[in-house]
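Colleague: File target18.txt below, compact mmCIF, C-alpha atoms:
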```txt
# COMPACT_ATOMS: atom_id res chain seq x y z
CA MET A 1 13.87 -21.29 6.24
CA GLU A 2 16.21 -18.35 6.62
CA ARG A 3 14.38 -15.04 7.04
CA LYS A 4 14.75 -12.65 4.13
CA TYR A 5 15.20 -9.34 5.90
CA TYR A 6 15.11 -7.29 2.72
CA ILE A 7 11.42 -8.20 2.36
CA ASP A 8 10.68 -6.85 5.86
CA ASN A 9 12.74 -3.74 5.17
CA LEU A 10 11.01 -3.05 1.86
CA LYS A 11 7.62 -3.28 3.57
CA TRP A 12 8.33 -0.70 6.23
CA ALA A 13 10.21 1.56 3.81
CA CYS A 14 7.19 1.60 1.47
CA ILE A 15 4.84 2.29 4.37
CA LEU A 16 6.96 5.21 5.60
CA MET A 17 6.82 6.61 2.07
CA LEU A 18 3.06 6.93 2.51
CA LEU A 19 3.62 9.94 4.76
CA PRO A 20 4.97 12.25 2.01
CA PHE A 21 2.77 10.53 -0.58
CA HIS A 22 -0.50 11.28 1.20
CA ALA A 23 0.67 14.74 2.23
CA ALA A 24 1.36 15.49 -1.45
CA MET A 25 -2.10 14.29 -2.49
CA ALA A 26 -3.54 17.55 -1.15
CA PHE A 27 -1.80 19.28 -4.08
CA ASN A 28 -2.51 16.91 -6.98
CA ASN A 29 -3.28 18.47 -10.35
CA TRP A 30 -5.42 15.76 -11.96
CA GLY A 31 -8.67 16.67 -10.19
CA GLU A 32 -8.78 14.14 -7.36
CA VAL A 33 -10.28 16.11 -4.49
CA HIS A 34 -8.84 13.79 -1.82
CA TYR A 35 -10.01 14.25 1.79
CA ILE A 36 -8.60 17.77 1.65
CA TRP A 37 -7.28 19.62 -1.36
CA PHE A 38 -5.51 22.97 -1.35
CA CYS A 39 -4.19 23.80 -4.80
CA GLU A 40 -2.34 22.37 -7.79
CA ASN A 41 1.39 21.86 -7.50
CA HIS A 42 3.22 20.18 -10.37
CA ILE A 43 6.32 19.21 -8.38
CA LEU A 44 4.38 17.39 -5.66
CA SER A 45 2.07 15.87 -8.28
CA LEU A 46 5.14 14.61 -10.13
CA PHE A 47 6.36 12.94 -6.94
CA VAL A 48 2.99 11.23 -6.45
CA MET A 49 2.89 10.03 -10.05
CA MET A 50 6.41 8.61 -9.89
CA VAL A 51 5.56 6.60 -6.77
CA ALA A 52 1.94 5.59 -7.47
CA PRO A 53 2.50 2.98 -10.24
CA TRP A 54 4.67 0.63 -8.19
CA TYR A 55 4.49 1.07 -4.42
CA MET A 56 1.14 -0.63 -3.64
CA PRO A 57 1.70 -3.37 -6.27
CA LEU A 58 5.09 -3.95 -4.64
CA LEU A 59 3.40 -4.37 -1.25
CA MET A 60 0.99 -6.86 -2.82
CA VAL A 61 3.88 -8.84 -4.34
CA LEU A 62 5.61 -8.89 -0.94
CA ALA A 63 2.32 -10.02 0.62
CA GLY A 64 2.22 -12.89 -1.87
CA ILE A 65 5.75 -13.92 -0.89
CA ASN A 66 4.85 -13.81 2.81
CA ALA A 67 1.65 -15.75 2.17
CA ARG A 68 3.66 -18.65 0.74
CA TYR A 69 5.88 -18.74 3.82
CA SER A 70 2.86 -18.41 6.12
CA LEU A 71 0.96 -21.25 4.45
CA ASN A 72 4.00 -23.51 4.63
CA LYS A 73 4.42 -22.69 8.31
CA ARG A 74 0.80 -22.57 9.55
CA GLY A 75 -1.20 -24.68 7.13
CA ILE A 76 -4.54 -23.57 5.72
CA LYS A 77 -6.41 -23.38 9.04
CA GLY A 78 -3.66 -21.39 10.75
CA PHE A 79 -3.33 -19.16 7.69
CA VAL A 80 -7.04 -18.32 7.72
CA GLU A 81 -6.94 -17.56 11.45
CA GLU A 82 -3.89 -15.34 10.99
CA ARG A 83 -5.48 -13.47 8.05
CA PHE A 84 -8.68 -12.92 10.03
CA LYS A 85 -6.84 -11.49 13.04
CA LYS A 86 -4.23 -9.55 11.04
CA LEU A 87 -6.44 -8.18 8.26
CA PHE A 88 -10.19 -8.50 8.80
CA ILE A 89 -10.46 -7.30 12.41
CA PRO A 90 -8.29 -4.17 11.94
CA LEU A 91 -10.10 -3.50 8.64
CA VAL A 92 -13.45 -3.36 10.42
CA THR A 93 -12.10 -1.40 13.38
CA GLY A 94 -10.17 1.00 11.18
CA THR A 95 -13.15 1.61 8.91
CA LEU A 96 -15.44 2.40 11.85
CA VAL A 97 -12.93 4.71 13.54
CA ILE A 98 -10.17 5.99 11.25
CA ALA A 99 -11.97 5.94 7.90
CA ALA A 100 -15.05 7.47 9.52
CA ALA A 101 -12.86 10.29 10.90
CA LEU A 102 -11.29 10.91 7.47
CA SER A 103 -14.75 11.01 5.91
CA TYR A 104 -15.86 13.49 8.57
CA ILE A 105 -12.89 15.78 7.87
CA ALA A 106 -13.59 15.57 4.11
CA ASP A 107 -17.24 16.54 4.66
CA ARG A 108 -16.21 19.50 6.79
CA PHE A 109 -13.55 20.66 4.35
CA HIS A 110 -15.43 20.24 1.07
CA ASN A 111 -19.08 20.56 2.07
CA GLY A 112 -19.01 22.73 5.18
CA TYR A 113 -20.50 20.04 7.43
CA ASN A 114 -20.77 21.51 10.94
CA GLY A 115 -22.17 18.63 12.97
CA SER A 116 -20.23 16.58 15.49
CA PHE A 117 -18.05 13.61 14.63
CA PHE A 118 -20.49 11.14 16.18
CA ALA A 119 -23.48 12.76 14.46
CA HIS A 120 -21.62 12.30 11.17
CA TYR A 121 -21.98 8.53 11.41
CA THR A 122 -25.49 8.94 10.00
CA VAL A 123 -23.87 10.52 6.93
CA PHE A 124 -21.07 7.96 6.85
CA PHE A 125 -23.45 5.00 6.76
CA GLY A 126 -26.14 6.77 4.75
CA ARG A 127 -24.08 8.20 1.90
CA ILE A 128 -22.69 5.33 -0.16
CA THR A 129 -21.31 6.68 -3.43
CA ASP A 130 -17.88 5.89 -4.89
CA LEU A 131 -16.42 4.58 -1.60
CA THR A 132 -13.57 7.12 -1.64
CA GLY A 133 -15.04 9.03 1.29
CA PHE A 134 -14.02 12.31 -0.33
CA ASP A 135 -17.68 13.39 -0.23
CA GLY A 136 -18.11 12.41 3.42
CA GLY A 137 -19.65 9.04 2.63
CA MET A 138 -18.82 5.43 3.46
CA THR A 139 -15.23 4.41 2.77
CA PRO A 140 -12.51 2.02 3.94
CA ALA A 141 -10.12 4.93 3.11
CA HIS A 142 -6.50 3.81 2.77
CA LEU A 143 -7.48 0.50 4.40
CA TRP A 144 -8.78 -0.64 1.01
CA PHE A 145 -5.49 -2.52 0.77
CA LEU A 146 -6.43 -4.67 3.78
CA LEU A 147 -9.80 -5.38 2.17
CA TYR A 148 -8.22 -6.39 -1.13
CA LEU A 149 -5.52 -8.45 0.55
CA PHE A 150 -8.03 -10.31 2.74
CA ILE A 151 -10.30 -11.12 -0.23
CA ILE A 152 -7.37 -12.15 -2.41
CA SER A 153 -5.78 -14.25 0.35
CA MET A 154 -9.01 -16.17 0.93
CA PHE A 155 -9.71 -16.58 -2.80
CA CYS A 156 -6.22 -17.90 -3.52
CA LEU A 157 -6.59 -20.74 -1.04
CA LEU A 158 -8.64 -22.67 -3.62
CA PRO A 159 -6.23 -22.54 -6.60
CA VAL A 160 -3.22 -22.98 -4.31
CA SER A 161 -4.83 -26.05 -2.68
CA ILE A 162 -5.65 -27.51 -6.09
CA GLN A 163 -2.11 -26.89 -7.30
CA ARG A 164 -0.61 -28.49 -4.19
CA LYS A 165 -2.81 -31.56 -4.53
CA TYR A 166 -2.70 -32.20 -8.29
CA CYS A 167 0.54 -30.51 -9.32
CA PRO A 168 2.81 -30.51 -6.23
CA GLY A 169 5.96 -30.19 -8.30
CA PHE A 170 4.91 -26.97 -10.02
CA SER A 171 7.67 -24.35 -9.86
CA CYS A 172 8.70 -21.14 -11.60
CA LYS A 173 12.28 -21.29 -10.40
CA ASN A 174 13.82 -21.96 -13.83
CA ILE A 175 12.01 -19.36 -15.93
CA HIS A 176 13.93 -17.05 -18.27
CA ILE A 177 14.44 -13.35 -17.61
CA LEU A 178 12.39 -12.43 -20.71
CA PHE A 179 9.46 -14.43 -19.37
CA ILE A 180 9.80 -12.65 -16.03
CA VAL A 181 9.76 -9.29 -17.79
CA PHE A 182 6.77 -10.10 -19.98
CA MET A 183 4.76 -11.17 -16.94
CA GLY A 184 4.22 -7.44 -16.51
CA PHE A 185 1.68 -7.61 -19.33
CA ILE A 186 -0.70 -9.71 -17.23
CA PRO A 187 -1.72 -7.12 -14.59
CA MET A 188 -1.93 -4.51 -17.36
CA ALA A 189 -4.26 -6.71 -19.41
CA VAL A 190 -6.71 -7.27 -16.52
CA ASN A 191 -6.49 -3.81 -14.98
CA GLN A 192 -10.04 -2.80 -15.92
CA ILE A 193 -11.65 -5.93 -14.42
CA LEU A 194 -13.31 -5.28 -11.04
CA ASN A 195 -11.67 -1.86 -11.01
CA PHE A 196 -12.91 0.37 -8.20
CA GLY A 197 -11.54 3.90 -8.14
CA GLY A 198 -8.53 2.93 -10.22
CA LYS A 199 -7.73 -0.12 -8.06
CA SER A 200 -8.38 -3.42 -9.84
CA VAL A 201 -8.99 -6.43 -7.61
CA VAL A 202 -7.95 -8.77 -10.43
CA SER A 203 -4.77 -6.85 -11.17
CA TYR A 204 -3.76 -6.99 -7.50
CA LEU A 205 -4.65 -10.69 -7.47
CA VAL A 206 -2.13 -11.18 -10.28
CA PHE A 207 0.55 -9.27 -8.35
CA PHE A 208 -0.17 -11.42 -5.28
CA LEU A 209 0.20 -14.64 -7.30
CA LEU A 210 3.36 -13.37 -8.98
CA GLY A 211 4.80 -12.84 -5.53
CA TYR A 212 3.58 -16.22 -4.31
CA TYR A 213 4.77 -18.35 -7.23
CA VAL A 214 7.51 -16.35 -8.95
CA ILE A 215 9.33 -13.74 -6.86
CA SER A 216 9.40 -16.05 -3.82
CA GLU A 217 11.80 -18.36 -5.68
CA ASP A 218 15.45 -17.70 -4.81
CA THR A 219 16.59 -18.57 -8.32
CA VAL A 220 14.19 -15.97 -9.75
CA THR A 221 15.45 -13.24 -7.44
CA SER A 222 19.00 -14.18 -8.41
CA ILE A 223 18.10 -13.68 -12.08
CA ILE A 224 16.50 -10.33 -11.24
CA VAL A 225 19.63 -9.27 -9.34
CA LYS A 226 21.75 -10.20 -12.37
CA TYR A 227 19.77 -7.92 -14.69
CA ARG A 228 18.84 -5.30 -12.08
CA PHE A 229 20.58 -2.36 -13.75
CA CYS A 230 18.91 -2.97 -17.12
CA ILE A 231 15.55 -3.28 -15.38
CA LEU A 232 16.31 -0.15 -13.35
CA ALA A 233 16.94 1.85 -16.52
CA ALA A 234 13.69 0.62 -18.05
CA TRP A 235 11.80 1.50 -14.86
CA ILE A 236 13.19 5.03 -14.74
CA ALA A 237 12.30 5.59 -18.41
CA MET A 238 8.73 4.30 -17.99
CA ASP A 239 8.20 6.08 -14.67
CA ILE A 240 9.34 9.44 -16.03
CA THR A 241 7.25 9.00 -19.19
CA ASN A 242 4.13 8.24 -17.20
CA ALA A 243 4.71 11.08 -14.73
CA VAL A 244 5.45 13.71 -17.36
CA ILE A 245 2.42 12.81 -19.46
CA SER A 246 0.13 12.66 -16.43
CA VAL A 247 1.34 15.80 -14.67
CA TRP A 248 2.87 18.16 -17.22
CA VAL A 249 0.87 17.19 -20.31
CA GLU A 250 -2.11 16.60 -18.00
CA ASN A 251 -3.36 13.56 -19.89
CA ILE A 252 -3.53 10.97 -17.11
CA ASN A 253 -5.93 8.66 -18.94
CA SER A 254 -4.10 8.51 -22.28
CA ILE A 255 -3.11 5.14 -23.71
CA LEU A 256 0.58 6.09 -23.58
CA SER A 257 0.30 7.12 -19.93
CA ARG A 258 -1.52 3.92 -18.95
CA THR A 259 0.98 1.76 -20.85
CA ALA A 260 4.01 3.54 -19.38
CA GLY A 261 2.44 3.37 -15.92
CA GLY A 262 1.79 -0.35 -16.30
CA PHE A 263 5.38 -1.10 -17.24
CA ALA A 264 6.66 1.29 -14.55
CA SER A 265 4.69 -0.78 -12.05
CA TRP A 266 6.27 -4.14 -12.92
CA PHE A 267 9.75 -2.83 -13.76
CA GLY A 268 9.70 -0.86 -10.50
CA ILE A 269 8.90 -3.99 -8.52
CA LEU A 270 11.65 -5.99 -10.22
CA ALA A 271 14.23 -3.20 -9.97
CA ILE A 272 13.56 -2.52 -6.29
CA ILE A 273 13.70 -6.19 -5.37
CA GLY A 274 16.84 -6.62 -7.48
CA MET A 275 18.58 -3.72 -5.76
CA ALA A 276 17.29 -4.55 -2.28
CA ARG A 277 18.06 -8.25 -2.04
CA ASP A 278 21.77 -7.76 -1.38
CA ASN A 279 21.80 -4.11 -0.30
CA PHE A 280 18.81 -3.78 2.04
CA CYS A 281 19.07 -6.96 4.09
CA GLN A 282 20.23 -5.35 7.34
CA CYS A 283 18.88 -6.57 10.66
CA ASN A 284 19.46 -4.19 13.54
CA LYS A 285 17.49 -2.37 16.23
CA ILE A 286 16.13 0.23 13.82
CA THR A 287 15.02 -2.24 11.15
CA LYS A 288 13.52 -4.55 13.78
CA TYR A 289 11.60 -1.66 15.30
CA PHE A 290 10.07 -0.49 12.03
CA THR A 291 9.39 -4.06 10.91
CA SER A 292 7.35 -4.71 14.06
CA ARG A 293 5.53 -1.34 13.89
CA SER A 294 5.02 -0.98 10.13
CA PHE A 295 1.47 -2.36 10.15
CA GLY A 296 0.41 0.11 12.82
CA ILE A 297 2.10 2.97 10.98
CA TYR A 298 0.12 2.02 7.89
CA ILE A 299 -3.16 2.03 9.78
CA PHE A 300 -2.77 5.30 11.71
CA HIS A 301 -0.59 7.59 9.58
CA MET A 302 -3.30 8.82 7.20
CA LEU A 303 -5.54 10.23 9.92
CA TRP A 304 -2.74 12.28 11.44
CA VAL A 305 -1.53 13.62 8.07
CA VAL A 306 -5.00 14.75 6.98
CA LEU A 307 -6.00 16.07 10.41
CA LEU A 308 -2.82 18.15 10.76
CA GLN A 309 -3.12 19.55 7.24
CA PHE A 310 -6.77 20.40 7.89
CA TYR A 311 -6.03 22.49 10.98
CA LEU A 312 -2.75 23.93 9.74
CA TYR A 313 -4.53 25.32 6.68
CA ASN A 314 -6.35 27.72 9.02
CA ILE A 315 -2.98 29.19 9.97
CA THR A 316 -1.03 29.26 6.71
CA GLU A 317 -1.43 28.57 3.00
CA ASN A 318 2.30 28.12 2.42
CA ILE A 319 2.69 24.97 0.33
CA LEU A 320 6.04 23.95 1.79
CA VAL A 321 4.75 24.28 5.35
CA LEU A 322 1.53 22.41 4.56
CA PHE A 323 3.54 19.60 2.98
CA LEU A 324 6.46 19.21 5.40
CA MET A 325 5.17 20.09 8.87
CA PRO A 326 2.22 17.65 8.90
CA GLN A 327 4.57 14.85 7.82
CA ALA A 328 7.00 15.44 10.67
CA ALA A 329 4.28 15.84 13.28
CA ALA A 330 2.26 12.92 11.87
CA PHE A 331 5.30 10.64 12.07
CA ILE A 332 5.73 11.39 15.78
CA LEU A 333 2.01 11.12 16.56
CA THR A 334 1.67 7.93 14.53
CA ILE A 335 4.54 6.26 16.39
CA ALA A 336 3.00 7.39 19.68
CA THR A 337 -0.39 5.98 18.65
CA VAL A 338 1.17 2.67 17.65
CA GLU A 339 2.99 2.40 20.96
CA VAL A 340 -0.16 3.17 22.98
CA THR A 341 -2.43 0.80 21.09
CA GLY A 342 0.20 -1.92 21.35
CA ARG A 343 0.12 -1.73 25.15
CA ILE A 344 -3.65 -1.80 25.72
CA PRO A 345 -4.88 -5.40 25.24
CA VAL A 346 -8.24 -4.65 23.63
CA LEU A 347 -6.74 -2.07 21.24
CA ARG A 348 -3.84 -4.38 20.49
CA MET A 349 -6.35 -6.98 19.34
CA LEU A 350 -8.63 -4.57 17.43
CA PHE A 351 -5.77 -2.96 15.50
CA ALA A 352 -3.54 -6.07 15.28
CA GLN A 353 -0.62 -4.44 17.11
CA ASN A 354 1.18 -7.64 18.07
CA PHE A 355 4.69 -6.39 18.66
CA ILE A 356 4.53 -6.66 22.46
CA LYS A 357 6.33 -9.78 23.66
CA LYS A 358 4.15 -11.89 25.93
```
What would the structure in this file look like if it were written as structure tokens?
Modeller:
Amino acid sequence: MERKYYIDNLKWACILMLLPFHAAMAFNNWGEVHYIWFCENHILSLFVMMVAPWYMPLLMVLAGINARYSLNKRGIKGFVEERFKKLFIPLVTGTLVIAAALSYIADRFHNGYNGSFFAHYTVFFGRITDLTGFDGGMTPAHLWFLLYLFIISMFCLLPVSIQRKYCPGFSCKNIHILFIVFMGFIPMAVNQILNFGGKSVVSYLVFFLLGYYVISEDTVTSIIVKYRFCILAAWIAMDITNAVISVWVENINSILSRTAGGFASWFGILAIIGMARDNFCQCNKITKYFTSRSFGIYIFHMLWVVLLQFYLYNITENILVLFLMPQAAAFILTIATVEVTGRIPVLRMLFAQNFIKK
């Protein structure tokens, strides 16, 4: 099967977007304390709210597409082994090291904790509250996505196996564009089921299956490409509506905001895939580099962003400096961390940095 480079490119582009996204979270105006929080800024909050509805659901859809290719290539046993090495091991390692460090910084910033990092493990394991880690307690931090993806990947093996055995000819390749559009209602309808901190396991399960069964079909992506500009217009309208209500009207939990955000999520996924399939399919040294390092960038970027903002705040309270400088420095330090961990065998295994050719 010919490799679809636009899928790889979308993955690393979304992950790079996490740098400004998480830097901007320190200025949100809807009351989320985050690991560090400086002040309210409507412009940066608007940026966060225009990205938040679609970027992690898009990654889950792309994961569903890749899961179909992986299962076809490796079989169930190989797929489980790959998921365990790629997701579960770095999830555990990252939680014990990176998430614990983020929780420690949050406890120092918000609660004035003055013990050592290693002493803070007693707090980390002893304070289990909402699992955000914003209070210094236990958290998977941004690695919640690995946790969700691992659980969803394992769970989906059963229905996928049943479908392959009893309905091997099942396909969504001939569905109509209206049916594709209205599929966006499904994750919205189940969004409150198993919802932890605004992240519904069931909703992300739906996005994964939509990627696996629907968006992975070439005929479906061709239909999306055909109507991409109409979908793009709908996405922009829904995204702006959600962001304005959430940030400027400051009513993030209103029915209108939730509805607009739900449609912005699905329309955003369709529009981005529709625009990217023919226009973001490059394969060169730069795209290959970021494709091979994107997983490591995802794992390590958050720690550097938060750590740099934490220490820089002791020097300046300038919003622009606190937003831009940590991003630039974190990008460099994250790349350096990825390169180092990828060259030390035990760290390469613990953090799933498998870009080194053997």
Colleague: May I ask which of the residues A:Ile186, A:Asn191, A:Val61, A:Phe109 is the closest one to Asn314 of chain A, counting only C-alpha atoms?
Modeller: A:Phe109
Colleague: At a cut-off of 8 Å, can you tabulate as JSON lines every residue of segment 286-313 of chain A near segment 20-30 of chain A together with its closest atom pair and the distance in Å to one decimal, using all atoms listed in the file and ordering rows by chain then number?
Modeller:
```
{"residue": "A:Met302", "atom": "CA", "partner": "A:His22", "partner_atom": "CA", "distance": 7.1}
{"residue": "A:Val305", "atom": "CA", "partner": "A:Ala23", "partner_atom": "CA", "distance": 6.3}
{"residue": "A:Val306", "atom": "CA", "partner": "A:Ala23", "partner_atom": "CA", "distance": 7.4}
{"residue": "A:Gln309", "atom": "CA", "partner": "A:Ala23", "partner_atom": "CA", "distance": 7.9}
```
Colleague: Give me, as JSON lines, each residue of segment 24-78 of chain A that comes within 9 Å of segment 142-158 of chain A, together with its shortest interatomic pair and the distance in Å at one decimal, counting only C-alpha atoms, with rows ordered by chain and rising residue number.
Modeller:
```
{"residue": "A:Met56", "atom": "CA", "partner": "A:Phe145", "partner_atom": "CA", "distance": 8.2}
{"residue": "A:Met60", "atom": "CA", "partner": "A:Leu149", "partner_atom": "CA", "distance": 7.5}
{"residue": "A:Ala63", "atom": "CA", "partner": "A:Leu149", "partner_atom": "CA", "distance": 8.0}
{"residue": "A:Gly64", "atom": "CA", "partner": "A:Ser153", "partner_atom": "CA", "distance": 8.4}
{"residue": "A:Ala67", "atom": "CA", "partner": "A:Ser153", "partner_atom": "CA", "distance": 7.8}
{"residue": "A:Ile76", "atom": "CA", "partner": "A:Leu157", "partner_atom": "CA", "distance": 7.6}
```
Colleague: Report, in Å to a single decimal, how far apart atom CA of Asp135 of chain A and atom CA of His110 of chain A are.
Modeller: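 Calculated distance between atom CA of His110 of chain A and atom CA of Asp135 of chain A is 7.3 Å.
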Colleague: Please provide as a ChimeraX atom specification all residues within 9 Å of segment 211-218 of chain A, with the sequence filter that same-chain residues fewer than 5 positions apart are discarded (counting all atoms listed in the file).
Modeller: /A:58,60-69,171-173,175,180,206,223,270,273
Colleague: Kindly export the residues of the current selection with C-alpha atoms, as a PDB file, in the frame of the given file.
Modeller:
```
ATOM      1  CA  LEU A  58       5.090  -3.950  -4.640  1.00  0.00           C
ATOM      2  CA  MET A  60       0.990  -6.860  -2.820  1.00  0.00           C
ATOM      3  CA  VAL A  61       3.880  -8.840  -4.340  1.00  0.00           C
ATOM      4  CA  LEU A  62       5.610  -8.890  -0.940  1.00  0.00           C
ATOM      5  CA  ALA A  63       2.320 -10.020   0.620  1.00  0.00           C
ATOM      6  CA  GLY A  64       2.220 -12.890  -1.870  1.00  0.00           C
ATOM      7  CA  ILE A  65       5.750 -13.920  -0.890  1.00  0.00           C
ATOM      8  CA  ASN A  66       4.850 -13.810   2.810  1.00  0.00           C
ATOM      9  CA  ALA A  67       1.650 -15.750   2.170  1.00  0.00           C
ATOM     10  CA  ARG A  68       3.660 -18.650   0.740  1.00  0.00           C
ATOM     11  CA  TYR A  69       5.880 -18.740   3.820  1.00  0.00           C
ATOM     12  CA  SER A 171       7.670 -24.350  -9.860  1.00  0.00           C
ATOM     13  CA  CYS A 172       8.700 -21.140 -11.600  1.00  0.00           C
ATOM     14  CA  LYS A 173      12.280 -21.290 -10.400  1.00  0.00           C
ATOM     15  CA  ILE A 175      12.010 -19.360 -15.930  1.00  0.00           C
ATOM     16  CA  ILE A 180       9.800 -12.650 -16.030  1.00  0.00           C
ATOM     17  CA  VAL A 206      -2.130 -11.180 -10.280  1.00  0.00           C
ATOM     18  CA  ILE A 223      18.100 -13.680 -12.080  1.00  0.00           C
ATOM     19  CA  LEU A 270      11.650  -5.990 -10.220  1.00  0.00           C
ATOM     20  CA  ILE A 273      13.700  -6.190  -5.370  1.00  0.00           C
TER      21      ILE A 273
END
```
Colleague: Just want the 10 Å neighbourhood of Phe331 of chain A, counted on only C-alpha atoms, with same-chain residues fewer than 2 positions away dropped. Output as a list in words.
Modeller: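 Final neighbour list, sorted by chain and number: Leu16, Leu19, Ile297, Phe300, His301, Trp304, Val305, Met325, Pro326, Gln327, Ala328, Ala329, Leu333, Thr334, Ile335, Ala336 and Thr337 of chain A.
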